[in-house]
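Everything below concerns the one structure shown next.
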Amino acid sequence: MSMRSDDFGPVFPGRFSDGRSAATVTAEVRLTERGVEIRRTGTTDVLLWPYGALTSATPLGRHSIDALLGYKFASDTTLFVGDGTFARQLQTHAPHLSVRATRLRHATPWLWAAAAIASLVGVIWLMELSPARAIAQMLPDSTRAALGARVIGSMTSGRKVCDAAPGRRALDQLAGRLSKAAGGNTPFKIVVVDWGLVNAFAAPGEQIVLTRGLLEKSESPDEVAGVLSHEMGHGLEMHPESGIVRALGLSAAMDLMLGGSGGTLANIGLVLAQLSYTRGAEREADAHAIRILREAAISPKGLADFFTRIDKLDGGGKAPKDKAPKEKSTSAFDVLRTHPQSAERAAIVANQPPYKSTPALAAADWADLRAICLSEGKI
Ligand SMILES: [Zn+2]
């Protein structure tokens, strides 16, 4: 090897490959101002690879013992220099080949990967507690709204949606007052179904279904406000979404997250109607109900009264007279099946410290709401 020294520093021995033949040729390599100068044995041609066009098989650093270089404009060619000094000096001319630069260059995709892993860990951590809830919380609002519309469509199919204008106005007034107190991002949408069953369901996407039976069995607008605020609590906690995810299973849930498909969702309304929430979920919904009613300055007594009375009626096993003959239910008061432990919960509600309240609706509006299922001509 020759160690000629001149203006451009030492000459390093290297091996050059043109990538076309298996053989490599020896070469004298120098670092010049303009680039890496390569003088191959057996030819007088001098190659000059500008620093900016160099690539390196491995990033160059203080501990490099050699350099295997490529050239962007002749992608098959390689130059190997088995000398750590060369590698270190090259780094100062071509900083983009350094370990540090390589780290930075890969930082963005790496950060994304790190974020993805972190969120996955977060998801798994959440899943330890409740996989269904974790998935439900990942559903975009548009998916939840579509899911809710589907649930309500399925529940109300073959039944009339009650929308007599005066009743609708009264309901909108009450829903607005409670939604504002609930403090969520989206006001709740409430649909009344012409159904004798006494029940109320929270559906995905801040939607609630109320039955005619429930309106008829309620003795005051405060009772309806209490039931609605409890359902809003379920909605705020995404209990319907979680319940559906749990009922459908993981793969269908993933399908939902990716935009949904028809097959699995055909009977989604039925799925939701059959759901019963855990004690913990009921407590969460009650806590919201108590908070919402207080914020809205509506007495919580209505909620307690409703559950106490329904509980007693159900205990007597009496079916309401207006119950449609072929309606499929084990109890006329399904509100108890889907919202169990009502007596205990009624007591908690009743024990709230008193505050100043006004009726949930004025007497005339309450009369309109109760008549919402009568067609306008009959009023
Ligand atoms: Zn409930």
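Each chain of the structure tokens is named A, B, ... in the order shown, its residues numbered from 1; ligands are numbered from 1 in display order.
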Discussion item. Residues near region 296-306 of chain A, anyone? I mean within 7 Å using only C-alpha atoms, not counting same-chain ones fewer than 4 positions away, as a list in words.
Written reply: Arg177, Leu178, Ala181, Ser218, Asp222, Glu223, Gly226, Val227, Ile290, Ile292, Ile310, Ala346, Ala347, Val349, Ala350, Lys356, Ser357, Thr358, Pro359 and Ala360 of chain A
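Here the DSSP assignment of strand (DSSP E), based on backbone atoms, applies within region 127-303 of chain A to Val161, Cys162, Lys189, Ile190, Val191, Val192, Val193, Ala200, Phe201, Ala202, Ala203, Gln207, Ile208, Val209, Leu210 and Thr211 of chain A.
Comparing A:Gly61, A:Gly280, A:Gly235, A:Gly167 by their smallest distance to Arg212 (chain A), the closest is A:Gly167 (using only C-alpha atoms).
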Practice prompt. Find the residue from A:Leu79, A:Leu293, A:Val224, A:Met155 that sits nearest to Phe307 (chain A); use only C-alpha atoms when measuring.
Written response: A:Val224
Might you pull out every residue within 7 Å of Gly82 (chain A), with only C-alpha atoms counted and same-chain residues fewer than 6 positions away left off, and present them as a PDB file with N, CA, C and O atoms, in the first residue's frame?
```
ATOM      1  N   GLY A  14      -8.065   0.567  -0.571  1.00  0.00           N
ATOM      2  CA  GLY A  14      -9.455   0.118  -0.552  1.00  0.00           C
ATOM      3  C   GLY A  14      -9.703  -0.955  -1.589  1.00  0.00           C
ATOM      4  O   GLY A  14      -8.793  -1.334  -2.337  1.00  0.00           O
ATOM      5  N   ILE A  65     -14.513   0.831  12.345  1.00  0.00           N
ATOM      6  CA  ILE A  65     -13.190   0.295  11.995  1.00  0.00           C
ATOM      7  C   ILE A  65     -13.023   0.178  10.481  1.00  0.00           C
ATOM      8  O   ILE A  65     -11.947  -0.123   9.991  1.00  0.00           O
ATOM      9  N   ASP A  66     -14.094   0.431   9.752  1.00  0.00           N
ATOM     10  CA  ASP A  66     -14.012   0.393   8.296  1.00  0.00           C
ATOM     11  C   ASP A  66     -15.214   1.146   7.729  1.00  0.00           C
ATOM     12  O   ASP A  66     -16.070   1.620   8.481  1.00  0.00           O
ATOM     13  N   ALA A  67     -15.254   1.237   6.412  1.00  0.00           N
ATOM     14  CA  ALA A  67     -16.398   1.878   5.762  1.00  0.00           C
ATOM     15  C   ALA A  67     -16.728   1.125   4.491  1.00  0.00           C
ATOM     16  O   ALA A  67     -15.833   0.823   3.689  1.00  0.00           O
TER      17      ALA A  67
END
```
Discussion item. Taking 3 positions as the minimum chain separation for residues in the same chain, which residues sit within 7 Å of Leu31 (chain A) when counting only C-alpha atoms? Answer as a list in words.
Written reply: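 The residues satisfying every condition are Phe8, Gly9, Gly35, Val36 and Glu37 of chain A.
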Selection file, all heavy atoms, as a short mmCIF file (atom, residue, chain, number, x, y, z; two decimals), in the first residue's frame:
```cif
data_model
loop_
_atom_site.label_atom_id
_atom_site.label_comp_id
_atom_site.auth_asym_id
_atom_site.auth_seq_id
_atom_site.Cartn_x
_atom_site.Cartn_y
_atom_site.Cartn_z
N PHE A 8 -4.50 16.84 0.04
CA PHE A 8 -5.79 16.28 0.44
C PHE A 8 -5.67 15.18 1.47
O PHE A 8 -6.60 14.43 1.69
CB PHE A 8 -6.54 15.78 -0.79
CG PHE A 8 -6.78 16.87 -1.80
CD1 PHE A 8 -6.27 16.79 -3.08
CD2 PHE A 8 -7.48 18.01 -1.42
CE1 PHE A 8 -6.48 17.80 -3.99
CE2 PHE A 8 -7.69 19.04 -2.34
CZ PHE A 8 -7.18 18.94 -3.63
N GLY A 9 -4.57 15.06 2.07
CA GLY A 9 -4.46 14.07 3.13
C GLY A 9 -4.02 12.73 2.62
O GLY A 9 -3.72 12.55 1.44
N GLY A 35 -14.82 15.41 -2.93
CA GLY A 35 -15.43 14.10 -2.74
C GLY A 35 -14.37 13.04 -2.53
O GLY A 35 -13.19 13.34 -2.33
N VAL A 36 -14.81 11.79 -2.59
CA VAL A 36 -13.90 10.67 -2.42
C VAL A 36 -13.28 10.36 -3.79
O VAL A 36 -14.01 10.09 -4.76
CB VAL A 36 -14.64 9.43 -1.87
CG1 VAL A 36 -13.67 8.24 -1.77
CG2 VAL A 36 -15.26 9.73 -0.51
N GLU A 37 -11.97 10.42 -3.84
CA GLU A 37 -11.27 10.15 -5.09
C GLU A 37 -10.82 8.69 -5.09
O GLU A 37 -10.24 8.23 -4.11
CB GLU A 37 -10.06 11.07 -5.19
CG GLU A 37 -9.37 11.08 -6.53
CD GLU A 37 -8.09 11.89 -6.46
OE1 GLU A 37 -7.05 11.31 -6.09
OE2 GLU A 37 -8.12 13.10 -6.75
#
```
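Distances to ligand 1 were evaluated for A:Pro353, A:Gly233, A:Gly153, A:Gly158 using only C-alpha atoms and all ligand atoms, and the minimum falls at A:Gly233.
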Worksheet item: Which of these, A:Leu68, A:Ala289, A:Ala371, A:Leu361, has the shortest distance to ligand 1 once you count only C-alpha atoms and all ligand atoms?
Response: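 Of all the options, A:Ala289 lies closest to ligand 1.
You will find CA of Thr156 (chain A) at 27.8 Å from CA of Thr308 (chain A).
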Item to complete: Using only C-alpha atoms and all ligand atoms, find the one residue out of A:Asp172, A:Glu237, A:Asp45, A:Asp141 that sits nearest to ligand 1.
Response: A:Glu237
Worksheet item: Suppose you want the space between CA of His239 (chain A) and CA of Leu214 (chain A); what is it in Å?
Response: 20.9 Å
Item to complete: Could you find all residues in region 41-210 of chain A that DSSP calls helix (DSSP H, G or I) from the backbone, and write them as number ranges by chain?
Response: A: 51-53, 84-93, 95-97, 99-105, 107-129, 131-138, 141-156, 165-182
Got time to write the residues from that selection, C-alpha atoms, as a PDB file, in the first residue's frame?
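Output file again-v7.pdb is given in full below:
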```pdb
ATOM      1  CA  TYR A  51     -19.752  13.417  -0.523  1.00  0.00           C
ATOM      2  CA  GLY A  52     -23.448  14.237  -0.823  1.00  0.00           C
ATOM      3  CA  ALA A  53     -24.029  11.238  -3.114  1.00  0.00           C
ATOM      4  CA  GLY A  84     -11.087   3.393  11.050  1.00  0.00           C
ATOM      5  CA  THR A  85      -9.222   6.641  10.454  1.00  0.00           C
ATOM      6  CA  PHE A  86     -10.731   6.849   6.976  1.00  0.00           C
ATOM      7  CA  ALA A  87     -14.195   6.237   8.389  1.00  0.00           C
ATOM      8  CA  ARG A  88     -13.801   8.959  11.019  1.00  0.00           C
ATOM      9  CA  GLN A  89     -12.384  11.501   8.559  1.00  0.00           C
ATOM     10  CA  LEU A  90     -15.083  10.719   6.026  1.00  0.00           C
ATOM     11  CA  GLN A  91     -17.662  11.458   8.685  1.00  0.00           C
ATOM     12  CA  THR A  92     -16.492  15.068   8.912  1.00  0.00           C
ATOM     13  CA  HIS A  93     -16.865  15.493   5.130  1.00  0.00           C
ATOM     14  CA  PRO A  95     -21.927  14.139   8.148  1.00  0.00           C
ATOM     15  CA  HIS A  96     -25.121  12.549   6.750  1.00  0.00           C
ATOM     16  CA  LEU A  97     -23.362   9.179   7.075  1.00  0.00           C
ATOM     17  CA  VAL A  99     -24.536   7.612  13.513  1.00  0.00           C
ATOM     18  CA  ARG A 100     -26.068  10.817  14.821  1.00  0.00           C
ATOM     19  CA  ALA A 101     -27.521  11.832  11.445  1.00  0.00           C
ATOM     20  CA  THR A 102     -28.824   8.341  10.864  1.00  0.00           C
ATOM     21  CA  ARG A 103     -30.562   8.407  14.233  1.00  0.00           C
ATOM     22  CA  LEU A 104     -32.218  11.714  13.410  1.00  0.00           C
ATOM     23  CA  ARG A 105     -33.232  10.537   9.976  1.00  0.00           C
ATOM     24  CA  ALA A 107     -36.382   9.489  14.389  1.00  0.00           C
ATOM     25  CA  THR A 108     -39.710  10.377  12.805  1.00  0.00           C
ATOM     26  CA  PRO A 109     -40.815   6.869  11.854  1.00  0.00           C
ATOM     27  CA  TRP A 110     -39.401   5.612  15.109  1.00  0.00           C
ATOM     28  CA  LEU A 111     -41.387   8.166  17.083  1.00  0.00           C
ATOM     29  CA  TRP A 112     -44.525   7.064  15.276  1.00  0.00           C
ATOM     30  CA  ALA A 113     -43.764   3.473  16.097  1.00  0.00           C
ATOM     31  CA  ALA A 114     -43.097   4.414  19.709  1.00  0.00           C
ATOM     32  CA  ALA A 115     -46.390   6.302  19.890  1.00  0.00           C
ATOM     33  CA  ALA A 116     -48.213   3.354  18.348  1.00  0.00           C
ATOM     34  CA  ILE A 117     -46.646   0.955  20.832  1.00  0.00           C
ATOM     35  CA  ALA A 118     -47.407   3.284  23.716  1.00  0.00           C
ATOM     36  CA  SER A 119     -51.026   3.582  22.685  1.00  0.00           C
ATOM     37  CA  LEU A 120     -51.250  -0.167  22.200  1.00  0.00           C
ATOM     38  CA  VAL A 121     -49.855  -0.684  25.684  1.00  0.00           C
ATOM     39  CA  GLY A 122     -52.406   1.844  26.892  1.00  0.00           C
ATOM     40  CA  VAL A 123     -55.167  -0.014  25.153  1.00  0.00           C
ATOM     41  CA  ILE A 124     -54.043  -3.335  26.588  1.00  0.00           C
ATOM     42  CA  TRP A 125     -53.842  -1.746  30.002  1.00  0.00           C
ATOM     43  CA  LEU A 126     -57.390  -0.464  29.599  1.00  0.00           C
ATOM     44  CA  MET A 127     -58.472  -3.829  28.273  1.00  0.00           C
ATOM     45  CA  GLU A 128     -57.350  -5.435  31.494  1.00  0.00           C
ATOM     46  CA  LEU A 129     -60.102  -3.419  33.111  1.00  0.00           C
ATOM     47  CA  PRO A 131     -61.824  -4.405  26.817  1.00  0.00           C
ATOM     48  CA  ALA A 132     -65.286  -3.509  25.559  1.00  0.00           C
ATOM     49  CA  ARG A 133     -65.147  -0.049  27.074  1.00  0.00           C
ATOM     50  CA  ALA A 134     -61.660   0.556  25.705  1.00  0.00           C
ATOM     51  CA  ILE A 135     -62.834  -0.330  22.223  1.00  0.00           C
ATOM     52  CA  ALA A 136     -66.037   1.680  22.599  1.00  0.00           C
ATOM     53  CA  GLN A 137     -64.000   4.738  23.498  1.00  0.00           C
ATOM     54  CA  MET A 138     -61.974   4.350  20.314  1.00  0.00           C
ATOM     55  CA  ASP A 141     -68.323   9.921  16.933  1.00  0.00           C
ATOM     56  CA  SER A 142     -69.636   9.324  13.413  1.00  0.00           C
ATOM     57  CA  THR A 143     -69.554   5.555  13.965  1.00  0.00           C
ATOM     58  CA  ARG A 144     -71.296   5.884  17.332  1.00  0.00           C
ATOM     59  CA  ALA A 145     -73.995   8.068  15.791  1.00  0.00           C
ATOM     60  CA  ALA A 146     -74.515   5.611  12.918  1.00  0.00           C
ATOM     61  CA  LEU A 147     -74.607   2.734  15.378  1.00  0.00           C
ATOM     62  CA  GLY A 148     -77.189   4.580  17.485  1.00  0.00           C
ATOM     63  CA  ALA A 149     -79.342   5.304  14.446  1.00  0.00           C
ATOM     64  CA  ARG A 150     -79.169   1.616  13.573  1.00  0.00           C
ATOM     65  CA  VAL A 151     -80.118   0.567  17.095  1.00  0.00           C
ATOM     66  CA  ILE A 152     -83.068   2.927  17.155  1.00  0.00           C
ATOM     67  CA  GLY A 153     -84.128   1.897  13.661  1.00  0.00           C
ATOM     68  CA  SER A 154     -84.046  -1.739  14.710  1.00  0.00           C
ATOM     69  CA  MET A 155     -85.898  -1.091  17.985  1.00  0.00           C
ATOM     70  CA  THR A 156     -88.576   0.992  16.397  1.00  0.00           C
ATOM     71  CA  ALA A 165     -95.734  18.495  17.479  1.00  0.00           C
ATOM     72  CA  PRO A 166     -96.756  19.858  20.921  1.00  0.00           C
ATOM     73  CA  GLY A 167     -95.316  16.794  22.657  1.00  0.00           C
ATOM     74  CA  ARG A 168     -92.138  17.005  20.590  1.00  0.00           C
ATOM     75  CA  ARG A 169     -91.710  20.658  21.585  1.00  0.00           C
ATOM     76  CA  ALA A 170     -92.127  19.801  25.265  1.00  0.00           C
ATOM     77  CA  LEU A 171     -89.656  16.918  24.976  1.00  0.00           C
ATOM     78  CA  ASP A 172     -87.100  19.084  23.149  1.00  0.00           C
ATOM     79  CA  GLN A 173     -87.409  21.658  25.911  1.00  0.00           C
ATOM     80  CA  LEU A 174     -86.747  19.043  28.593  1.00  0.00           C
ATOM     81  CA  ALA A 175     -83.972  17.346  26.600  1.00  0.00           C
ATOM     82  CA  GLY A 176     -82.279  20.710  26.077  1.00  0.00           C
ATOM     83  CA  ARG A 177     -82.412  21.575  29.769  1.00  0.00           C
ATOM     84  CA  LEU A 178     -80.964  18.198  30.767  1.00  0.00           C
ATOM     85  CA  SER A 179     -78.344  18.057  27.967  1.00  0.00           C
ATOM     86  CA  LYS A 180     -77.041  21.458  28.995  1.00  0.00           C
ATOM     87  CA  ALA A 181     -76.784  20.266  32.590  1.00  0.00           C
ATOM     88  CA  ALA A 182     -75.134  17.006  31.467  1.00  0.00           C
TER      89      ALA A 182
END
```
Worksheet item: A:Ala200, A:Ile190, A:Ala367, A:Leu60: which is nearest ligand 1, counting only C-alpha atoms and all ligand atoms?
Response: A:Ala200
Practice prompt. Can you pull out every residue within 10 Å of Asp194 (chain A), counting only C-alpha atoms, but drop anything in the same chain fewer than 6 positions away, and send it as number ranges by chain?
Written response: A: 156, 158-163, 210-213, 372-374
Write a file of the just-selected residues containing N, CA and C atoms, as a PDB file, in the first residue's frame.
```pdb
ATOM      1  N   THR A 156     -87.295   0.373  16.720  1.00  0.00           N
ATOM      2  CA  THR A 156     -88.576   0.992  16.397  1.00  0.00           C
ATOM      3  C   THR A 156     -89.221   0.383  15.160  1.00  0.00           C
ATOM      4  N   GLY A 158     -91.460  -1.498  12.857  1.00  0.00           N
ATOM      5  CA  GLY A 158     -92.792  -2.040  13.079  1.00  0.00           C
ATOM      6  C   GLY A 158     -93.556  -1.287  14.153  1.00  0.00           C
ATOM      7  N   ARG A 159     -92.933  -0.273  14.745  1.00  0.00           N
ATOM      8  CA  ARG A 159     -93.629   0.543  15.741  1.00  0.00           C
ATOM      9  C   ARG A 159     -93.588   1.993  15.295  1.00  0.00           C
ATOM     10  N   LYS A 160     -94.582   2.717  15.736  1.00  0.00           N
ATOM     11  CA  LYS A 160     -94.655   4.133  15.368  1.00  0.00           C
ATOM     12  C   LYS A 160     -93.705   4.946  16.233  1.00  0.00           C
ATOM     13  N   VAL A 161     -93.018   5.876  15.602  1.00  0.00           N
ATOM     14  CA  VAL A 161     -92.257   6.859  16.370  1.00  0.00           C
ATOM     15  C   VAL A 161     -93.222   7.997  16.672  1.00  0.00           C
ATOM     16  N   CYS A 162     -93.367   8.317  17.963  1.00  0.00           N
ATOM     17  CA  CYS A 162     -94.337   9.339  18.377  1.00  0.00           C
ATOM     18  C   CYS A 162     -93.744  10.730  18.176  1.00  0.00           C
ATOM     19  N   ASP A 163     -94.453  11.556  17.418  1.00  0.00           N
ATOM     20  CA  ASP A 163     -93.884  12.881  17.173  1.00  0.00           C
ATOM     21  C   ASP A 163     -94.949  13.966  17.017  1.00  0.00           C
ATOM     22  N   LEU A 210     -87.368   6.382  24.552  1.00  0.00           N
ATOM     23  CA  LEU A 210     -88.353   6.355  25.635  1.00  0.00           C
ATOM     24  C   LEU A 210     -89.600   5.664  25.107  1.00  0.00           C
ATOM     25  N   THR A 211     -90.256   4.875  25.936  1.00  0.00           N
ATOM     26  CA  THR A 211     -91.491   4.238  25.464  1.00  0.00           C
ATOM     27  C   THR A 211     -92.720   5.024  25.918  1.00  0.00           C
ATOM     28  N   ARG A 212     -93.787   4.823  25.150  1.00  0.00           N
ATOM     29  CA  ARG A 212     -95.080   5.419  25.550  1.00  0.00           C
ATOM     30  C   ARG A 212     -95.467   4.911  26.933  1.00  0.00           C
ATOM     31  N   GLY A 213     -95.201   3.619  27.176  1.00  0.00           N
ATOM     32  CA  GLY A 213     -95.521   3.026  28.471  1.00  0.00           C
ATOM     33  C   GLY A 213     -94.876   3.777  29.622  1.00  0.00           C
ATOM     34  N   ILE A 372     -97.799  12.693  23.331  1.00  0.00           N
ATOM     35  CA  ILE A 372     -96.953  12.714  22.136  1.00  0.00           C
ATOM     36  C   ILE A 372     -97.259  11.565  21.172  1.00  0.00           C
ATOM     37  N   CYS A 373     -97.803  10.466  21.710  1.00  0.00           N
ATOM     38  CA  CYS A 373     -98.082   9.316  20.837  1.00  0.00           C
ATOM     39  C   CYS A 373     -99.475   9.379  20.200  1.00  0.00           C
ATOM     40  N   LEU A 374    -100.266  10.363  20.636  1.00  0.00           N
ATOM     41  CA  LEU A 374    -101.566  10.533  19.982  1.00  0.00           C
ATOM     42  C   LEU A 374    -101.315  11.347  18.737  1.00  0.00           C
TER      43      LEU A 374
END
```
